[in-house]
file run-v1.cif (mmCIF, C-alpha atoms and all ligand atoms)
data_input
loop_
_atom_site.group_PDB
_atom_site.id
_atom_site.type_symbol
_atom_site.label_atom_id
_atom_site.label_comp_id
_atom_site.auth_asym_id
_atom_site.auth_seq_id
_atom_site.Cartn_x
_atom_site.Cartn_y
_atom_site.Cartn_z
ATOM 1 C CA MET A 836 0.000 0.000 0.000
ATOM 2 C CA LYS A 837 1.112 3.523 -0.695
ATOM 3 C CA LYS A 838 -0.486 6.877 -0.153
ATOM 4 C CA ILE A 839 -0.801 9.566 -2.822
ATOM 5 C CA SER A 840 -1.455 13.175 -1.892
ATOM 6 C CA PHE A 841 -2.560 16.091 -4.037
ATOM 7 C CA ASN A 842 -1.173 19.568 -3.853
ATOM 8 C CA ALA A 843 -3.489 22.339 -5.042
ATOM 9 C CA GLU A 844 -1.630 25.545 -5.761
ATOM 10 C CA TYR A 845 -3.041 28.976 -6.621
ATOM 11 C CA GLU A 846 -1.994 32.597 -6.394
ATOM 12 C CA VAL A 847 -3.694 35.061 -4.050
ATOM 13 C CA TYR A 848 -3.795 38.764 -4.929
ATOM 14 C CA GLU A 849 -4.873 41.369 -2.392
ATOM 15 C CA ASP A 850 -7.420 42.819 -4.831
ATOM 16 C CA GLU A 851 -7.967 43.347 -8.563
ATOM 17 C CA THR A 852 -5.637 46.361 -8.710
ATOM 18 C CA GLN A 853 -2.691 43.979 -8.147
ATOM 19 C CA LEU A 854 -3.554 41.841 -11.184
ATOM 20 C CA PRO A 855 -1.792 41.796 -14.552
ATOM 21 C CA PRO A 856 -3.807 44.039 -16.968
ATOM 22 C CA ALA A 857 -5.278 41.156 -19.031
ATOM 23 C CA ALA A 858 -6.578 39.375 -15.920
ATOM 24 C CA LYS A 859 -8.003 42.624 -14.537
ATOM 25 C CA LYS A 860 -9.840 43.299 -17.802
ATOM 26 C CA LEU A 861 -11.276 39.773 -17.972
ATOM 27 C CA LEU A 862 -12.487 39.999 -14.393
ATOM 28 C CA GLN A 863 -14.239 43.273 -15.236
ATOM 29 C CA LYS A 864 -16.013 41.522 -18.133
ATOM 30 C CA ALA A 865 -17.114 38.768 -15.733
ATOM 31 C CA LYS A 866 -18.558 41.396 -13.400
ATOM 32 C CA GLU A 867 -20.490 42.889 -16.326
ATOM 33 C CA ALA A 868 -21.805 39.409 -17.160
ATOM 34 C CA CYS A 869 -23.018 39.037 -13.572
ATOM 35 C CA GLN A 870 -25.650 41.672 -14.337
ATOM 36 C CA THR A 871 -27.200 39.414 -16.996
ATOM 37 C CA ALA A 872 -27.733 36.508 -14.589
ATOM 38 C CA TYR A 873 -31.250 35.144 -14.265
ATOM 39 C CA ALA A 874 -31.313 33.993 -10.657
ATOM 40 C CA PRO A 875 -34.772 34.693 -9.198
ATOM 41 C CA TYR A 876 -34.707 31.558 -7.021
ATOM 42 C CA SER A 877 -31.239 31.611 -5.450
ATOM 43 C CA ASN A 878 -30.497 35.335 -5.826
ATOM 44 C CA PHE A 879 -26.929 34.119 -6.371
ATOM 45 C CA LYS A 880 -25.673 35.761 -9.551
ATOM 46 C CA VAL A 881 -22.612 34.401 -11.303
ATOM 47 C CA GLY A 882 -20.804 36.085 -14.169
ATOM 48 C CA ALA A 883 -18.019 34.577 -16.251
ATOM 49 C CA ALA A 884 -15.818 35.754 -19.103
ATOM 50 C CA VAL A 885 -13.766 33.531 -21.391
ATOM 51 C CA GLN A 886 -10.560 34.844 -22.983
ATOM 52 C CA LEU A 887 -9.872 33.190 -26.324
ATOM 53 C CA ALA A 888 -6.550 33.028 -28.142
ATOM 54 C CA ASN A 889 -8.033 34.976 -31.080
ATOM 55 C CA GLY A 890 -8.582 37.971 -28.780
ATOM 56 C CA GLU A 891 -12.329 37.497 -28.383
ATOM 57 C CA ILE A 892 -13.981 37.553 -24.957
ATOM 58 C CA VAL A 893 -17.211 35.590 -24.504
ATOM 59 C CA LYS A 894 -19.401 36.274 -21.488
ATOM 60 C CA GLY A 895 -21.901 34.070 -19.692
ATOM 61 C CA SER A 896 -24.039 34.090 -16.562
ATOM 62 C CA ASN A 897 -26.092 31.607 -14.598
ATOM 63 C CA GLN A 898 -29.588 30.950 -15.929
ATOM 64 C CA GLU A 899 -31.990 29.409 -13.453
ATOM 65 C CA ASN A 900 -35.197 27.537 -14.095
ATOM 66 C CA ALA A 901 -38.355 26.744 -12.128
ATOM 67 C CA ALA A 902 -37.311 23.119 -12.645
ATOM 68 C CA PHE A 903 -34.157 23.648 -10.562
ATOM 69 C CA PRO A 904 -31.902 20.860 -11.905
ATOM 70 C CA VAL A 905 -31.906 22.232 -15.455
ATOM 71 C CA THR A 906 -30.356 25.495 -14.276
ATOM 72 C CA ILE A 907 -26.941 26.181 -15.795
ATOM 73 C CA CYS A 908 -23.963 27.761 -14.040
ATOM 74 C CA GLY A 909 -22.425 30.997 -15.320
ATOM 75 C CA GLU A 910 -18.993 29.629 -16.183
ATOM 76 C CA ARG A 911 -20.437 26.607 -17.980
ATOM 77 C CA ASN A 912 -22.748 28.871 -19.951
ATOM 78 C CA ALA A 913 -19.792 31.075 -20.946
ATOM 79 C CA VAL A 914 -17.465 28.268 -21.973
ATOM 80 C CA PHE A 915 -20.193 26.480 -23.961
ATOM 81 C CA ALA A 916 -21.022 29.744 -25.740
ATOM 82 C CA ALA A 917 -17.329 30.323 -26.515
ATOM 83 C CA ALA A 918 -16.910 26.801 -27.891
ATOM 84 C CA ALA A 919 -20.067 27.138 -29.981
ATOM 85 C CA GLN A 920 -19.199 30.551 -31.413
ATOM 86 C CA TYR A 921 -15.470 29.927 -31.896
ATOM 87 C CA PRO A 922 -14.988 26.178 -32.312
ATOM 88 C CA GLY A 923 -11.392 25.025 -32.064
ATOM 89 C CA VAL A 924 -10.071 28.338 -30.749
ATOM 90 C CA GLN A 925 -7.896 27.905 -27.671
ATOM 91 C CA ILE A 926 -9.298 29.045 -24.323
ATOM 92 C CA GLU A 927 -6.640 30.961 -22.411
ATOM 93 C CA ALA A 928 -8.473 32.013 -19.264
ATOM 94 C CA VAL A 929 -11.860 32.135 -17.569
ATOM 95 C CA ALA A 930 -12.744 34.823 -15.011
ATOM 96 C CA ILE A 931 -15.560 33.999 -12.592
ATOM 97 C CA THR A 932 -17.298 36.302 -10.140
ATOM 98 C CA ALA A 933 -20.511 36.273 -8.126
ATOM 99 C CA GLU A 934 -22.815 38.391 -6.001
ATOM 100 C CA THR A 935 -25.785 37.705 -3.802
ATOM 101 C CA VAL A 936 -28.308 39.800 -1.929
ATOM 102 C CA SER A 937 -28.020 37.904 1.344
ATOM 103 C CA LYS A 938 -24.361 38.585 2.119
ATOM 104 C CA GLU A 939 -21.163 40.160 0.923
ATOM 105 C CA LEU A 940 -18.942 37.636 -0.836
ATOM 106 C CA LYS A 941 -15.604 38.573 0.663
ATOM 107 C CA LYS A 942 -13.693 35.645 -0.780
ATOM 108 C CA PRO A 943 -13.466 34.298 -4.317
ATOM 109 C CA VAL A 944 -16.178 31.885 -5.413
ATOM 110 C CA PRO A 945 -14.679 28.764 -6.992
ATOM 111 C CA PRO A 946 -16.402 26.775 -9.750
ATOM 112 C CA CYS A 947 -18.609 23.889 -8.617
ATOM 113 C CA GLY A 948 -17.525 20.310 -9.247
ATOM 114 C CA SER A 949 -19.592 19.968 -12.420
ATOM 115 C CA CYS A 950 -18.067 23.131 -13.883
ATOM 116 C CA ARG A 951 -14.540 21.969 -13.035
ATOM 117 C CA GLN A 952 -15.236 18.798 -15.010
ATOM 118 C CA VAL A 953 -16.651 20.778 -17.948
ATOM 119 C CA LEU A 954 -13.780 23.278 -17.948
ATOM 120 C CA PHE A 955 -11.271 20.446 -17.796
ATOM 121 C CA GLU A 956 -12.794 18.837 -20.898
ATOM 122 C CA TYR A 957 -11.633 21.879 -22.885
ATOM 123 C CA GLU A 958 -8.249 21.929 -21.182
ATOM 124 C CA PHE A 959 -7.715 18.250 -22.038
ATOM 125 C CA ARG A 960 -8.908 18.797 -25.605
ATOM 126 C CA GLN A 961 -6.556 21.700 -26.273
ATOM 127 C CA GLN A 962 -3.646 20.245 -24.284
ATOM 128 C CA GLN A 963 -2.972 23.725 -22.921
ATOM 129 C CA PRO A 964 -3.815 24.981 -19.424
ATOM 130 C CA ILE A 965 -6.803 27.237 -18.835
ATOM 131 C CA GLN A 966 -6.147 29.891 -16.216
ATOM 132 C CA LEU A 967 -8.953 30.654 -13.758
ATOM 133 C CA ILE A 968 -9.366 34.121 -12.233
ATOM 134 C CA LEU A 969 -11.729 34.153 -9.255
ATOM 135 C CA GLN A 970 -13.189 36.958 -7.146
ATOM 136 C CA GLY A 971 -16.274 37.581 -4.999
ATOM 137 C CA ASP A 972 -17.776 41.068 -4.639
ATOM 138 C CA ALA A 973 -14.364 42.589 -4.026
ATOM 139 C CA GLY A 974 -11.139 41.862 -2.193
ATOM 140 C CA GLU A 975 -8.873 38.889 -2.769
ATOM 141 C CA VAL A 976 -8.453 37.410 -6.215
ATOM 142 C CA TYR A 977 -7.298 33.840 -6.757
ATOM 143 C CA ILE A 978 -5.508 32.779 -9.898
ATOM 144 C CA VAL A 979 -5.428 29.067 -10.641
ATOM 145 C CA LYS A 980 -2.898 28.164 -13.347
ATOM 146 C CA ALA A 981 -4.782 25.156 -14.727
ATOM 147 C CA VAL A 982 -8.163 23.531 -14.169
ATOM 148 C CA LYS A 983 -6.496 20.183 -13.434
ATOM 149 C CA ASP A 984 -4.844 21.795 -10.400
ATOM 150 C CA ILE A 985 -8.216 21.973 -8.637
ATOM 151 C CA LEU A 986 -9.639 18.678 -9.929
ATOM 152 C CA PRO A 987 -7.531 15.891 -8.484
ATOM 153 C CA LEU A 988 -7.950 12.289 -9.630
ATOM 154 C CA LEU A 989 -9.903 13.561 -12.588
ATOM 155 C CA PHE A 990 -11.821 11.650 -15.249
ATOM 156 C CA ASP A 991 -10.912 12.400 -18.840
ATOM 157 C CA ALA A 992 -11.409 11.066 -22.364
ATOM 158 C CA SER A 993 -8.374 8.777 -22.115
ATOM 159 C CA TYR A 994 -10.527 6.281 -20.152
ATOM 160 C CA LEU A 995 -12.936 5.988 -23.066
ATOM 161 C CA LYS A 996 -10.354 5.218 -25.757
ATOM 162 C CA LYS A 997 -8.346 2.055 -26.429
HETATM 163 ZN ZN ZN B 1 -21.015 25.185 -11.711
#

call {"tool": "encode", "arguments": {"input": "run-v1.cif", "output": "structure tokens"}}
result
Amino acid sequence: MKKISFNAEYEVYEDETQLPPAAKKLLQKAKEACQTAYAPYSNFKVGAAVQLANGEIVKGSNQENAAFPVTICGERNAVFAAAAQYPGVQIEAVAITAETVSKELKKPVPPCGSCRQVLFEYEFRQQQPIQLILQGDAGEVYIVKAVKDILPLLFDASYLKK
């Protein structure tokens, strides 16, 4: 028997003013996208912005439904839209932010497990890391260098092929 451990590493910035310009801009786009969220049930609005290698930025937000399980998360909405509008174009980074009426989100909101799996699908496909830029209402910003860094023991397409 042996034990394997995982080491998740990410950068922590004091606030958005400390970020490299490209990351700061993408985060701003995610905050804009937050305003398009349709979240009448949870009041938890998520905005995401995808930076593509061709220079385009594609935004997305969470879209809820009276049949709760068919709701889609903001970052999944954004990455699906990017892949549909610009198929085959490399995804460089995804900024994700959130806001809610019930409390101030003082720390970055990470993607849920389903979104990590979806984001990793694109990372695996392009064989290049996708950077994640995460912030709540304000304050600290986390930068994750690759989706795989926060999805240990992950499932990918290699299990499905011979
Ligand atoms: Zn999600």

call {"tool": "closest_atom_pairs", "arguments": {"input": "run-v1.cif", "of": "chain A", "to": "ligand ZN 1 (chain B)", "cutoff": "8 Å", "atoms": "only C-alpha atoms and all ligand atoms", "output": "tab-separated table"}}
result
residue	atom	partner	partner_atom	distance
A:Ile907	CA	B:ZN1	ZN	7.3
A:Cys908	CA	B:ZN1	ZN	4.6
A:Gly909	CA	B:ZN1	ZN	7.0
A:Glu910	CA	B:ZN1	ZN	6.6
A:Arg911	CA	B:ZN1	ZN	6.5
A:Pro946	CA	B:ZN1	ZN	5.3
A:Cys947	CA	B:ZN1	ZN	4.1
A:Gly948	CA	B:ZN1	ZN	6.5
A:Ser949	CA	B:ZN1	ZN	5.5
A:Cys950	CA	B:ZN1	ZN	4.2
A:Arg951	CA	B:ZN1	ZN	7.3

call {"tool": "closest_residue", "arguments": {"input": "run-v1.cif", "among": "A:Leu887, A:Val944, A:Ile978, A:Val893", "to": "A:Glu851", "atoms": "all atoms listed in the file"}}
result
A:Ile978

call {"tool": "closest_residue", "arguments": {"input": "run-v1.cif", "among": "A:Phe990, A:Phe879, A:Tyr848, A:Phe915", "to": "A:Gly974", "atoms": "all atoms listed in the file"}}
result
A:Tyr848

call {"tool": "closest_residue", "arguments": {"input": "run-v1.cif", "among": "A:Leu989, A:Ala916, A:Pro922, A:Pro875", "to": "A:Glu899", "atoms": "only C-alpha atoms"}}
result
A:Pro875

call {"tool": "resolve_selection", "arguments": {"input": "run-v1.cif", "expression": "the PyMOL selection byres (((chain A and resi 881) around 6) and not hetatm)", "output": "MDAnalysis selection string"}}
result
chainID A and resid 869 880 882 896:897 909 932:933

call {"tool": "build_atoms", "arguments": {"input": "run-v1.cif", "residues": "stretch 893-924 of chain A", "atoms": "N, CA and C atoms", "output": "compact mmCIF listing (two decimals), in the coordinates of the input"}}
result
# COMPACT_ATOMS: atom_id res chain seq x y z
N VAL A 893 -15.82 36.04 -24.49
CA VAL A 893 -17.21 35.59 -24.50
C VAL A 893 -17.72 35.54 -23.07
N LYS A 894 -18.85 36.19 -22.84
CA LYS A 894 -19.40 36.27 -21.49
C LYS A 894 -20.55 35.29 -21.28
N GLY A 895 -20.78 34.94 -20.04
CA GLY A 895 -21.90 34.07 -19.69
C GLY A 895 -22.33 34.33 -18.26
N SER A 896 -23.54 33.94 -17.93
CA SER A 896 -24.04 34.09 -16.56
C SER A 896 -24.96 32.92 -16.24
N ASN A 897 -25.22 32.73 -14.95
CA ASN A 897 -26.09 31.61 -14.60
C ASN A 897 -27.53 31.89 -15.02
N GLN A 898 -28.20 30.85 -15.46
CA GLN A 898 -29.59 30.95 -15.93
C GLN A 898 -30.40 29.89 -15.19
N GLU A 899 -31.22 30.35 -14.26
CA GLU A 899 -31.99 29.41 -13.45
C GLU A 899 -33.31 29.05 -14.12
N ASN A 900 -33.95 28.03 -13.54
CA ASN A 900 -35.20 27.54 -14.10
C ASN A 900 -36.10 27.08 -12.95
N ALA A 901 -37.40 27.20 -13.14
CA ALA A 901 -38.35 26.74 -12.13
C ALA A 901 -38.17 25.26 -11.84
N ALA A 902 -37.72 24.51 -12.86
CA ALA A 902 -37.31 23.12 -12.64
C ALA A 902 -35.82 23.19 -12.30
N PHE A 903 -35.51 23.31 -11.02
CA PHE A 903 -34.16 23.65 -10.56
C PHE A 903 -33.00 22.90 -11.23
N PRO A 904 -33.09 21.57 -11.39
CA PRO A 904 -31.90 20.86 -11.90
C PRO A 904 -31.46 21.26 -13.31
N VAL A 905 -32.32 21.86 -14.10
CA VAL A 905 -31.91 22.23 -15.46
C VAL A 905 -31.24 23.61 -15.51
N THR A 906 -31.11 24.25 -14.38
CA THR A 906 -30.36 25.50 -14.28
C THR A 906 -28.93 25.28 -14.78
N ILE A 907 -28.35 26.32 -15.38
CA ILE A 907 -26.94 26.18 -15.80
C ILE A 907 -26.09 27.26 -15.14
N CYS A 908 -24.90 26.86 -14.72
CA CYS A 908 -23.96 27.76 -14.04
C CYS A 908 -23.40 28.79 -15.02
N GLY A 909 -22.96 29.92 -14.50
CA GLY A 909 -22.42 31.00 -15.32
C GLY A 909 -21.20 30.62 -16.13
N GLU A 910 -20.24 29.95 -15.48
CA GLU A 910 -18.99 29.63 -16.18
C GLU A 910 -19.19 28.55 -17.24
N ARG A 911 -20.15 27.64 -16.98
CA ARG A 911 -20.44 26.61 -17.98
C ARG A 911 -21.13 27.24 -19.19
N ASN A 912 -22.05 28.15 -18.89
CA ASN A 912 -22.75 28.87 -19.95
C ASN A 912 -21.74 29.62 -20.83
N ALA A 913 -20.78 30.28 -20.21
CA ALA A 913 -19.79 31.08 -20.95
C ALA A 913 -18.88 30.20 -21.80
N VAL A 914 -18.41 29.11 -21.24
CA VAL A 914 -17.46 28.27 -21.97
C VAL A 914 -18.18 27.52 -23.11
N PHE A 915 -19.43 27.12 -22.89
CA PHE A 915 -20.19 26.48 -23.96
C PHE A 915 -20.44 27.48 -25.09
N ALA A 916 -20.78 28.71 -24.73
CA ALA A 916 -21.02 29.74 -25.74
C ALA A 916 -19.75 30.02 -26.54
N ALA A 917 -18.62 30.07 -25.84
CA ALA A 917 -17.33 30.32 -26.52
C ALA A 917 -17.01 29.19 -27.49
N ALA A 918 -17.22 27.96 -27.04
CA ALA A 918 -16.91 26.80 -27.89
C ALA A 918 -17.86 26.72 -29.09
N ALA A 919 -19.09 27.18 -28.89
CA ALA A 919 -20.07 27.14 -29.98
C ALA A 919 -19.82 28.24 -31.00
N GLN A 920 -19.42 29.41 -30.51
CA GLN A 920 -19.20 30.55 -31.41
C GLN A 920 -17.83 30.53 -32.07
N TYR A 921 -16.84 29.97 -31.38
CA TYR A 921 -15.47 29.93 -31.90
C TYR A 921 -14.89 28.52 -31.74
N PRO A 922 -15.45 27.57 -32.48
CA PRO A 922 -14.99 26.18 -32.31
C PRO A 922 -13.51 26.03 -32.64
N GLY A 923 -12.81 25.31 -31.80
CA GLY A 923 -11.39 25.02 -32.06
C GLY A 923 -10.44 26.12 -31.63
N VAL A 924 -10.95 27.25 -31.20
CA VAL A 924 -10.07 28.34 -30.75
C VAL A 924 -9.68 28.07 -29.29
